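Below is one structure; the comments refer to it alone.
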Amino acid sequence: MLLTQSHAQGPNEPPIRDLTLGGLLAWAAETAPDRLALIAGSPDPASRRHWTYAELHAEALRTARALSARFKPGERVAVWAPNIVEWPMMEFGAAMAGLVLVTVNPGFKAGEVQYVLQQSRAAGIFVVSGFRGNPMFPTVQSIAPNCPELREIVCFDDWSAFLSSADAHQSLPLVQPDDPVMIQYTSGTTGFPKGALLTHRGLVNNGAHTMDRMGVADGAVWVTTMPLFHTGGCVLCVLGAVSKRATQVLVEAFEPGLVLSLMGQYRAAALLAVPTMLVAMLEHPTFETTDLSSVKAICSGGSTVPATLVTGLEQRLGAQFTIVFGQTECSPVASMTRPDDTLADKAGTIGPAMPHVEVKIVDPATGLTLPIGEVGEYCTRGYHVMRGYFEMPDASAAAIDADGWLHTGDLCAMDARGYCTVEGRLKDMIIRGGENVYPRELEELLFRHPSVAEVAVVGLPDAKWGEEVAAFVRPAPGMLVDKDALFAYMREHIAPHKTPRRWFQMAGFPLTGSGKIQKFKLREQWLAGELVEL
């Protein structure tokens with residue numbers, strides 16, 4: 001039935017799983033005990049450890065018992081590490097112990113980590129000695145005196161000793177699917193992060209339903225490139241893979257040549273990666289020579305996914321492409337395209353609502369549901385919505401209304417089928433001379449130009465127009481940004497007031513840990529005089 005108002009309900013199948021994270025892993029271990037569950041995808045093949053589902057479950061239980069000896073149910077315990085194999089063991093172990101896992105970006109510096117530990121009132125932190133020049137363990141030691149509730153610091157170098165402290169007879173608490181299990185700090189594309197409090201039920205089902213819609217087969221090989229401190233990694237990849245009893249190859253840090261090698265060697269069937277990762281893989285010299293014929297499903301999201309990327313990957317790999325849409329606060333996926341959607345829908349929409357999820361588009365000023373086709377704020381309601389921001393009642397009330405709708409801040413439009421298109425962020429929308437300009441439209445158009453590899457369109461302060469449209473462009477390999485040619489190209493397709501007047505050539509972009517371009521940092525860099533206009 002075609003819609004007249006922008007309010008849609010996702011399907012009722014597959015059913016909601018009434019499971020905790022520990023229950024999900026126990027199910028996989030009981031039903032596929034000897035199947036390979038986890039492979040450490042390190043660059044050196046000789047160091048690639050692996051675990052069956054029975055072994056992974058046993059290791060998670062040991063982790064839970066060791067944690068239970070040190071922490072009480074409901075306490076917060078942080079993990080500050082890249083994608084090491086101990087990370088998912090902590091994810092499942094903390095869940096079995098009734099703890100709330102606090103995820104920390106390995107790129108954070110002292111002040112950022114201190115904020116997370118203080119705001120979450122973490123009782124413990126598990127940390128690597130260092131990563132990519134960031135002295136993480138010494139940093140924790142230096143800020144610990146400023147975190148009065150932090151009483152345990154464990155370095156992952158001492159993981160074996162930590163596990164050996166577990167009492168095999170240590171009882172574990174009864175954990176319920178509606179219990180909180182994780183605090184994920186928002187990516188911070190528009191400002192300082194808040195801690196989204198997420199539940200077992202929300203995470204287990206969101207990961208499983210995403211895999212279902214991608215079309216990932218039971219027992220498939222899945223390569224995890226997404227960072228585990230983000231929901232894209234620890235939910236969609238880790239929990240999603242376990243929901244399919246898949247063999248997960250965990251990549252410690254994204255490097256396109258390594259990911260391509262692992263996909264070829266292990267005959268990977270599926271992959272989730274943000275557009276910046278996919279572009280890097282396509283541009284890598286080994287892409288054409290790697291046997292990727294086993295790949296059946298590729299999923300992306302997190303930022304603008306250019307139409308050329310969708311069509312190029314489907315044509316070159318013969319794999320079906322899907323796009324996810326949501327945010328940390330909704331566990332994280334609320335809408336998603338289908339593998340059998342048309343190329344036009346895959347390239348131009350974010351698909352319909354996920355199972356057991358409601359979506360509506362409202363007028364940001366009045367809160368009223370808009371007619372089909374009108375641009376407004378994307379809101380969602382269902383099992384997947386966070387409990388709220390941890391100990392931030394005002395921010396929680398601003399995000400989730402009295403009827404349980406999460407207001408995402410994303411600008412979208414819905415068609416009569418319930419498929420949505422993204423027009424931008426409320427905070428990203430550019431108002432030039434009283435005219436609304438949506439960056440997404442301009443970014444899609446610029447992505448199609450052969451000289452453009454990546455782009456972000458941002459509004460910069462302007463005395464005459466209020467805001468002026470600026471394009472920050474990373475050129476394709478071997479190319480330079482020709483602003484006159486790009487200006488002429490844009491003028492052929494869009495109105496004059498939308499055409500960027502300021503152009504910047506970028507070697508790279510400031511990114512969140514999950515690969516999203518931080519537009520507010522581009523504005524800050526420009527205001528500080530760090531970026532030179534062409």
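Here, A, B, ... name the chains of the structure tokens in the order displayed, residue numbers run from 1 inside each chain, and ligands are numbered from 1 in the same displayed order.
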Sort by chain and increasing residue number a table of all residues of range 26-55 of chain A within 12 Å of range 87-108 of chain A, each with its closest pair of atoms and their distance in Å to one decimal, counting only C-alpha atoms, and write it as JSON lines.
```
{"residue": "A:Ala26", "atom": "CA", "partner": "A:Phe92", "partner_atom": "CA", "distance": 10.1}
{"residue": "A:Ala37", "atom": "CA", "partner": "A:Pro88", "partner_atom": "CA", "distance": 11.2}
{"residue": "A:Leu38", "atom": "CA", "partner": "A:Pro88", "partner_atom": "CA", "distance": 9.4}
{"residue": "A:Ile39", "atom": "CA", "partner": "A:Pro88", "partner_atom": "CA", "distance": 11.6}
{"residue": "A:Ala40", "atom": "CA", "partner": "A:Trp87", "partner_atom": "CA", "distance": 11.3}
{"residue": "A:Trp51", "atom": "CA", "partner": "A:Met89", "partner_atom": "CA", "distance": 11.1}
{"residue": "A:Tyr53", "atom": "CA", "partner": "A:Met89", "partner_atom": "CA", "distance": 11.8}
{"residue": "A:Glu55", "atom": "CA", "partner": "A:Met89", "partner_atom": "CA", "distance": 10.8}
```
Range 295-504 of chain A: residues DSSP assigns to strand (DSSP E or B), reported as a ChimeraX atom specification:
/A:297-301,320-326,333-336,353,357-362,369,371,376-382,388-389,400,406-414,420-425,430-432,435-437,452-462,466-475,502-504
Contacts of Val310 in chain A within 9 Å, only C-alpha atoms, excl. fewer than 4 positions in-chain, as a ChimeraX atom specification
/A:305-306,314-315,321-322,343,346-347
Among range 183-342 of chain A, which ones does DSSP assign to helix (DSSP H, G or I) (computed from the backbone)? Answer as a ChimeraX atom specification.
/A:200-214,231-243,256-265,275-283,307-317,328-330
Near-Ile153 in chain A list (9 Å; only C-alpha atoms; drop same-chain fewer than 2 positions) as a PyMOL selection string
chain A and resi 123-127+137+140-141+144+150-151+155
Near Arg121 in chain A, counting only C-alpha atoms, which residues have an atom at most 7 Å away, once you skip same-chain residues fewer than 3 positions from it, shown as a PyMOL selection string?
chain A and resi 76+117-118+149
Exercise: Gln176 in chain A partners within 8 Å, only C-alpha atoms, chain neighbours under 6 positions left out, as number ranges by chain
A: 19-20, 200
Residues from the last selection, N, CA and C atoms, saved as a PDB file, in the first residue's frame:
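Below is the file that was written, again-v2.pdb:
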```
ATOM      1  N   LEU A  19      17.339 -12.326  23.561  1.00  0.00           N
ATOM      2  CA  LEU A  19      18.648 -12.826  23.955  1.00  0.00           C
ATOM      3  C   LEU A  19      19.540 -11.720  24.511  1.00  0.00           C
ATOM      4  N   THR A  20      20.463 -12.111  25.364  1.00  0.00           N
ATOM      5  CA  THR A  20      21.574 -11.249  25.766  1.00  0.00           C
ATOM      6  C   THR A  20      22.752 -11.529  24.843  1.00  0.00           C
ATOM      7  N   HIS A 200      21.174  -5.024  25.628  1.00  0.00           N
ATOM      8  CA  HIS A 200      21.425  -6.322  24.991  1.00  0.00           C
ATOM      9  C   HIS A 200      20.468  -6.540  23.812  1.00  0.00           C
TER      10      HIS A 200
END
```
For Gly232 in chain A, find every residue with an atom within 8 Å (counting only C-alpha atoms), except residues of its own chain fewer than 5 positions away, and show them as number ranges by chain.
A: 226-227, 237, 332, 514
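Between Leu25 in chain A and the candidates A:Arg213, A:His50, A:Lys244, A:Arg65, the tightest atom-to-atom separation, counting only C-alpha atoms, involves A:Lys244.
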So what do you get for CA of Ile400 in chain A versus CA of Phe520 in chain A, distance-wise?
23.9 Å
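The smallest atom-to-atom distance between Arg48 in chain A and any of A:Ala161, A:Val204, A:Ile16, A:Leu250, using only C-alpha atoms, is found for A:Leu250.
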CA of Glu358 in chain A and CA of Gly10 in chain A are how many Å apart?
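Interatomic distance, CA of Glu358 in chain A to CA of Gly10 in chain A: 6.1 Å.
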So which one's closest to Asp218 in chain A, A:Thr186, A:Thr63, A:Thr286, A:Thr31? Using only C-alpha atoms, please.
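Using only C-alpha atoms, the shortest distance to Asp218 in chain A belongs to A:Thr31.
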Just checking: using only C-alpha atoms, which residue out of A:Gln505, A:Gln320, A:Ser68, A:Ser142 ends up closest to Met479 in chain A?
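For Met479 in chain A, the nearest of the given residues is A:Gln505.
For the residues A:Pro285, A:Gly348, A:Pro256, A:Pro371, ranking by smallest atom-to-atom distance to Ala307 in chain A using only C-alpha atoms places A:Gly348 first.
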Minimum-distance residue to Gly257 in chain A, chosen among A:Glu75, A:Ala463, A:Leu446, A:Pro43 (using only C-alpha atoms):
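Smallest distance to Gly257 in chain A is found for A:Pro43.
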